[in-house]
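Read through the structure below, which is laid out as C-alpha cells, and then see the notes.
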Amino acid sequence: MEEYVILVDANDRETGIMEKMQAHREARLHRAFSVFIFNREGQLLLQQRAFSKYHSPGLWTNTCCSHPRPGETTADAAHRRMREEMGFDCEMEEAFHFTYKAAFDNNLTEHEVDHVFIGTADQLPEINPEEVESYRYASPGDIRKEMDLNPEMFTVWFRIAFDKVEEFYRRKSWPRN
C-alpha cells in the first residue's frame, strides 16, 4: 500500500500530497510528528528504530514518530502511531514544532515541519517489531550524557528537539497515572 505525506509550505500550510518515498527522494517539505512519553519517575521512553527502517535504522529516538495521512489531524496520527508502534495510547499534548532538513546516505532527505507531542504514561510497550527494535526508559540527564558521548547513536530530529522537550516537560504539571 502506498503511503502519502502532506506537503506544506514554510508556515505549515498544506500545499498538496505526495507519495512518501518520492517526497523523501525530492526533499519536499512535509508534515510530521514526534511523540515523547515520560513515566511517573520522569524517565523518557526511548525506542530503537528497527534495522529494516528506510533511514536511521537502529538509532535511538523518541517514543514514536511518523507522518499524518491526508485528511488526518496531526494529533489523531500521533495517537494512531502510538498504538501501531508501541502498542498503547495515552494523553499527550502538542508542545511545539520545528522545521529541519537532513540528508541520509541512501539519497533520501527528511525535510519536515515536525510537531512535537509530549505526554506521560507508565504502561509497558508491546512493540511492533516491523517498526521498533527495542525500547528503554532513561532519565533526561542520562540521555544528555549519552548524546554528548555518542550523538551518532540518536536520530537527527531527536537531537534537535531534546532540549525543548526537556524544558517543556519540566515546566508542565503533567497528570500522573
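Residues are referred to by chain and number: the chain letter is A, B, ... according to the order shown in the C-alpha cells, the number counts from 1 in that chain, and ligands are numbered separately from 1 in the order shown.
The list of residues with at least one atom within 12 Å of range 143-147 of chain A, based on only C-alpha atoms and without residues fewer than 2 positions apart in the same chain, reads Gln43, Leu44, Leu45, Leu46, Leu59, Trp60, Thr61, Asn62, Arg136, Tyr137, Ala138, Ser139, Pro140, Gly141, Leu149, Asn150, Pro151, Glu152, Met153, Phe154, Thr155, Val156, Phe158, Arg159, Ile160, Phe162, Asp163 and Glu166 of chain A.
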Considering only C-alpha atoms, tabulate each residue of range 23-50 of chain A that lies at most 8 Å from range 72-91 of chain A along with its nearest interatomic pair and the corresponding distance in Å to one decimal; arrange the rows by chain and ascending residue number and present them as CSV.
residue,atom,partner,partner_atom,distance
A:Ala32,CA,A:Thr74,CA,7.7
A:Phe33,CA,A:Ala78,CA,6.8
A:Ser34,CA,A:Ala78,CA,7.6
A:Val35,CA,A:Ala78,CA,6.8
Just the residues within 10 Å of range 50-55 of chain A, please, counting only C-alpha atoms, with nothing from its chain fewer than 3 positions along; format it as a ChimeraX atom specification. /A:21,47,58-60,103-110,128-134,155
Export of the given selection (N, CA and C atoms) as a compact mmCIF listing (two decimals), in the first residue's frame:
# COMPACT_ATOMS: atom_id res chain seq x y z
N MET A 21 7.88 8.06 -0.24
CA MET A 21 9.27 7.87 -0.67
C MET A 21 9.68 8.91 -1.71
N GLN A 47 12.76 4.63 21.90
CA GLN A 47 12.69 3.46 21.05
C GLN A 47 13.95 3.40 20.19
N GLY A 58 18.21 1.35 13.47
CA GLY A 58 18.95 1.01 14.67
C GLY A 58 19.30 2.17 15.58
N LEU A 59 18.92 3.39 15.20
CA LEU A 59 19.23 4.54 16.05
C LEU A 59 18.18 4.70 17.14
N TRP A 60 18.60 5.29 18.26
CA TRP A 60 17.68 5.59 19.36
C TRP A 60 16.98 6.90 19.07
N ALA A 103 19.85 15.13 5.19
CA ALA A 103 20.11 14.17 4.11
C ALA A 103 20.75 12.92 4.69
N PHE A 104 20.38 11.76 4.13
CA PHE A 104 20.90 10.48 4.59
C PHE A 104 21.75 9.84 3.50
N ASP A 105 22.54 8.85 3.88
CA ASP A 105 23.46 8.18 2.96
C ASP A 105 22.76 7.47 1.80
N ASN A 106 21.48 7.16 1.96
CA ASN A 106 20.75 6.40 0.94
C ASN A 106 20.02 7.31 -0.07
N ASN A 107 20.46 8.57 -0.19
CA ASN A 107 19.87 9.54 -1.12
C ASN A 107 18.45 9.96 -0.76
N LEU A 108 18.04 9.74 0.47
CA LEU A 108 16.76 10.24 0.96
C LEU A 108 17.03 11.43 1.88
N THR A 109 16.06 12.33 1.94
CA THR A 109 16.17 13.52 2.79
C THR A 109 14.88 13.70 3.55
N GLU A 110 15.01 13.91 4.86
CA GLU A 110 13.86 14.32 5.66
C GLU A 110 13.85 15.84 5.67
N ASN A 128 5.94 -3.14 18.04
CA ASN A 128 5.74 -3.70 16.71
C ASN A 128 7.14 -3.92 16.13
N PRO A 129 7.58 -5.17 15.95
CA PRO A 129 8.95 -5.42 15.50
C PRO A 129 9.25 -4.92 14.09
N GLU A 130 8.24 -4.61 13.31
CA GLU A 130 8.49 -4.02 11.99
C GLU A 130 8.93 -2.57 12.11
N GLU A 131 8.61 -1.94 13.23
CA GLU A 131 8.92 -0.53 13.44
C GLU A 131 10.00 -0.31 14.50
N VAL A 132 9.99 -1.16 15.53
CA VAL A 132 10.79 -0.93 16.72
C VAL A 132 11.66 -2.15 17.01
N GLU A 133 12.96 -1.92 17.16
CA GLU A 133 13.89 -2.99 17.51
C GLU A 133 13.87 -3.26 19.01
N SER A 134 13.86 -2.18 19.80
CA SER A 134 13.93 -2.30 21.24
C SER A 134 13.40 -1.00 21.86
N THR A 155 18.77 9.74 16.49
CA THR A 155 18.27 10.34 15.25
C THR A 155 18.49 11.85 15.26
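Within 7 Å of Arg69 in chain A, once only C-alpha atoms are used and residues closer than 2 positions along the same chain are dropped, the contacting residues are Tyr4, Val5, Ile6, His67, Gly71 and Glu72 of chain A.
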Quick one: pick out all strand (DSSP E) residues within chain A from a backbone DSSP run and write them as a PyMOL selection string. chain A and resi 4-8+14-19+30-38+44-49+60-61+64-66+92-103+109-120+132-138
Please provide as a ChimeraX atom specification all residues within 12 Å of Asn11 in chain A, with the sequence filter that same-chain residues fewer than 2 positions apart are discarded (counting only C-alpha atoms). /A:7-9,13-15,29-31,97-99,112-114
Residues of the last selection are to be written out with all heavy atoms, as a CSV table (one decimal), in the first residue's frame.
chain,number,residue,atom,x,y,z
A,7,LEU,N,2.3,17.6,2.0
A,7,LEU,CA,3.2,18.7,1.7
A,7,LEU,C,2.8,20.0,2.3
A,7,LEU,O,1.6,20.3,2.3
A,7,LEU,CB,3.4,18.8,0.2
A,7,LEU,CG,3.8,17.6,-0.6
A,7,LEU,CD1,3.9,17.8,-2.1
A,7,LEU,CD2,5.2,17.1,-0.1
A,8,VAL,N,3.7,20.8,2.8
A,8,VAL,CA,3.4,22.0,3.4
A,8,VAL,C,4.4,23.1,3.0
A,8,VAL,O,5.5,22.8,2.4
A,8,VAL,CB,3.4,21.9,5.0
A,8,VAL,CG1,2.3,21.0,5.5
A,8,VAL,CG2,4.8,21.5,5.5
A,9,ASP,N,4.0,24.4,3.2
A,9,ASP,CA,4.9,25.5,3.0
A,9,ASP,C,5.7,25.8,4.3
A,9,ASP,O,5.5,25.1,5.3
A,9,ASP,CB,4.2,26.7,2.4
A,9,ASP,CG,3.2,27.3,3.4
A,9,ASP,OD1,3.2,27.0,4.6
A,9,ASP,OD2,2.4,28.1,2.9
A,13,ARG,N,1.3,25.4,6.1
A,13,ARG,CA,0.0,25.3,5.4
A,13,ARG,C,0.1,24.3,4.3
A,13,ARG,O,1.1,24.2,3.5
A,13,ARG,CB,-0.3,26.7,4.7
A,13,ARG,CG,-0.6,27.8,5.8
A,13,ARG,CD,-1.1,29.0,5.1
A,13,ARG,NE,0.0,29.6,4.3
A,13,ARG,CZ,0.7,30.7,4.6
A,13,ARG,NH1,0.4,31.4,5.7
A,13,ARG,NH2,1.7,31.1,3.8
A,14,GLU,N,-0.9,23.4,4.2
A,14,GLU,CA,-1.0,22.3,3.3
A,14,GLU,C,-0.9,22.9,1.8
A,14,GLU,O,-1.6,23.8,1.5
A,14,GLU,CB,-2.2,21.5,3.5
A,14,GLU,CG,-2.2,20.2,2.7
A,14,GLU,CD,-3.4,19.3,3.1
A,14,GLU,OE1,-4.0,19.4,4.2
A,14,GLU,OE2,-3.8,18.5,2.2
A,15,THR,N,0.0,22.2,1.0
A,15,THR,CA,0.1,22.6,-0.4
A,15,THR,C,-0.2,21.5,-1.3
A,15,THR,O,-0.2,21.6,-2.5
A,15,THR,CB,1.5,23.1,-0.7
A,15,THR,OG1,2.5,22.1,-0.4
A,15,THR,CG2,1.9,24.4,0.1
A,29,LEU,N,9.3,19.5,1.6
A,29,LEU,CA,8.8,19.8,2.9
A,29,LEU,C,7.5,19.2,3.2
A,29,LEU,O,6.5,19.4,2.4
A,29,LEU,CB,8.8,21.4,3.1
A,29,LEU,CG,8.4,21.9,4.5
A,29,LEU,CD1,9.4,21.4,5.5
A,29,LEU,CD2,8.3,23.4,4.5
A,30,HIS,N,7.4,18.5,4.3
A,30,HIS,CA,6.1,17.8,4.6
A,30,HIS,C,5.9,17.8,6.1
A,30,HIS,O,6.8,18.0,6.9
A,30,HIS,CB,6.0,16.4,4.0
A,30,HIS,CG,7.2,15.5,4.4
A,30,HIS,ND1,8.4,15.5,3.9
A,30,HIS,CD2,7.2,14.5,5.4
A,30,HIS,CE1,9.2,14.6,4.4
A,30,HIS,NE2,8.5,14.0,5.4
A,31,ARG,N,4.7,17.5,6.5
A,31,ARG,CA,4.3,17.5,7.9
A,31,ARG,C,4.7,16.1,8.6
A,31,ARG,O,4.5,15.1,8.0
A,31,ARG,CB,2.8,17.8,8.0
A,31,ARG,CG,2.3,18.0,9.5
A,31,ARG,CD,0.9,18.5,9.5
A,31,ARG,NE,0.8,19.8,8.8
A,31,ARG,CZ,-0.3,20.2,8.2
A,31,ARG,NH1,-1.4,19.4,8.0
A,31,ARG,NH2,-0.3,21.4,7.6
A,97,HIS,N,6.6,23.0,17.5
A,97,HIS,CA,7.0,22.4,16.3
A,97,HIS,C,8.3,23.1,15.8
A,97,HIS,O,8.6,24.2,16.2
A,97,HIS,CB,5.9,22.4,15.2
A,97,HIS,CG,5.5,23.8,14.8
A,97,HIS,ND1,4.6,24.6,15.4
A,97,HIS,CD2,6.0,24.5,13.7
A,97,HIS,CE1,4.5,25.7,14.8
A,97,HIS,NE2,5.3,25.7,13.8
A,98,PHE,N,9.0,22.4,14.9
A,98,PHE,CA,10.2,22.9,14.3
A,98,PHE,C,10.4,22.4,12.9
A,98,PHE,O,9.8,21.4,12.6
A,98,PHE,CB,11.4,22.6,15.2
A,98,PHE,CG,11.8,21.1,15.3
A,98,PHE,CD1,12.7,20.6,14.5
A,98,PHE,CD2,11.1,20.3,16.2
A,98,PHE,CE1,13.0,19.2,14.6
A,98,PHE,CE2,11.4,19.0,16.3
A,98,PHE,CZ,12.4,18.4,15.5
A,99,THR,N,11.2,23.0,12.2
A,99,THR,CA,11.5,22.6,10.8
A,99,THR,C,13.0,22.2,10.7
A,99,THR,O,13.8,22.8,11.3
A,99,THR,CB,11.2,23.7,9.8
A,99,THR,OG1,9.8,24.1,9.9
A,99,THR,CG2,11.5,23.3,8.4
A,112,GLU,N,11.1,18.3,7.1
A,112,GLU,CA,9.9,18.2,7.8
A,112,GLU,C,9.6,19.4,8.7
A,112,GLU,O,10.5,20.0,9.3
A,112,GLU,CB,9.8,17.0,8.7
A,112,GLU,CG,10.0,15.7,8.0
A,112,GLU,CD,9.9,14.5,8.8
A,112,GLU,OE1,10.3,14.6,10.0
A,112,GLU,OE2,9.5,13.4,8.3
A,113,VAL,N,8.3,19.7,8.8
A,113,VAL,CA,7.7,20.5,9.9
A,113,VAL,C,7.3,19.5,10.9
A,113,VAL,O,6.3,18.7,10.7
A,113,VAL,CB,6.6,21.4,9.5
A,113,VAL,CG1,6.0,22.1,10.7
A,113,VAL,CG2,7.0,22.4,8.4
A,114,ASP,N,8.0,19.3,12.0
A,114,ASP,CA,7.9,18.3,13.0
A,114,ASP,C,7.1,18.8,14.2
A,114,ASP,O,7.6,19.6,14.9
A,114,ASP,CB,9.2,17.7,13.4
A,114,ASP,CG,9.1,16.4,14.2
A,114,ASP,OD1,8.0,16.0,14.5
A,114,ASP,OD2,10.2,15.8,14.4
Among range 65-121 of chain A, which ones does DSSP place in helix (DSSP H, G or I), written as number ranges by chain? A: 74-86
Residue selection dump (N, CA, C and O atoms) as an mmCIF file, in the first residue's frame:
data_model
loop_
_atom_site.group_PDB
_atom_site.id
_atom_site.type_symbol
_atom_site.label_atom_id
_atom_site.label_comp_id
_atom_site.auth_asym_id
_atom_site.auth_seq_id
_atom_site.Cartn_x
_atom_site.Cartn_y
_atom_site.Cartn_z
ATOM 1 N N THR A 74 -2.932 15.928 12.845
ATOM 2 C CA THR A 74 -1.636 15.504 13.371
ATOM 3 C C THR A 74 -1.802 14.827 14.724
ATOM 4 O O THR A 74 -1.149 13.817 15.002
ATOM 5 N N ALA A 75 -2.694 15.338 15.568
ATOM 6 C CA ALA A 75 -2.933 14.715 16.873
ATOM 7 C C ALA A 75 -3.501 13.304 16.712
ATOM 8 O O ALA A 75 -3.066 12.370 17.400
ATOM 9 N N ASP A 76 -4.464 13.129 15.818
ATOM 10 C CA ASP A 76 -5.021 11.786 15.589
ATOM 11 C C ASP A 76 -3.941 10.833 15.086
ATOM 12 O O ASP A 76 -3.882 9.663 15.482
ATOM 13 N N ALA A 77 -3.063 11.326 14.231
ATOM 14 C CA ALA A 77 -1.974 10.495 13.704
ATOM 15 C C ALA A 77 -1.012 10.092 14.814
ATOM 16 O O ALA A 77 -0.532 8.956 14.851
ATOM 17 N N ALA A 78 -0.728 11.008 15.732
ATOM 18 C CA ALA A 78 0.177 10.695 16.843
ATOM 19 C C ALA A 78 -0.392 9.569 17.700
ATOM 20 O O ALA A 78 0.325 8.628 18.074
ATOM 21 N N HIS A 79 -1.674 9.627 17.986
ATOM 22 C CA HIS A 79 -2.314 8.563 18.769
ATOM 23 C C HIS A 79 -2.344 7.247 17.985
ATOM 24 O O HIS A 79 -2.091 6.173 18.551
ATOM 25 N N ARG A 80 -2.631 7.320 16.707
ATOM 26 C CA ARG A 80 -2.651 6.102 15.873
ATOM 27 C C ARG A 80 -1.284 5.419 15.880
ATOM 28 O O ARG A 80 -1.177 4.209 16.093
ATOM 29 N N ARG A 81 -0.231 6.200 15.675
ATOM 30 C CA ARG A 81 1.109 5.605 15.614
ATOM 31 C C ARG A 81 1.589 5.102 16.973
ATOM 32 O O ARG A 81 2.347 4.132 17.031
ATOM 33 N N MET A 82 1.160 5.715 18.064
ATOM 34 C CA MET A 82 1.495 5.170 19.388
ATOM 35 C C MET A 82 0.946 3.744 19.502
ATOM 36 O O MET A 82 1.642 2.846 19.969
ATOM 37 N N ARG A 83 -0.293 3.571 19.076
ATOM 38 C CA ARG A 83 -0.894 2.227 19.133
ATOM 39 C C ARG A 83 -0.177 1.273 18.178
ATOM 40 O O ARG A 83 0.112 0.136 18.530
ATOM 41 N N GLU A 84 0.138 1.739 16.957
ATOM 42 C CA GLU A 84 0.761 0.878 15.953
ATOM 43 C C GLU A 84 2.209 0.510 16.291
ATOM 44 O O GLU A 84 2.626 -0.614 16.047
ATOM 45 N N GLU A 85 2.969 1.456 16.818
ATOM 46 C CA GLU A 85 4.389 1.202 17.085
ATOM 47 C C GLU A 85 4.640 0.651 18.482
ATOM 48 O O GLU A 85 5.448 -0.252 18.654
ATOM 49 N N MET A 86 3.958 1.221 19.488
ATOM 50 C CA MET A 86 4.273 0.897 20.877
ATOM 51 C C MET A 86 3.185 0.086 21.584
ATOM 52 O O MET A 86 3.365 -0.311 22.727
#
Work out how far apart CA of Arg170 in chain A and CA of Phe96 in chain A are and give it in Å to one decimal. 14.4 Å
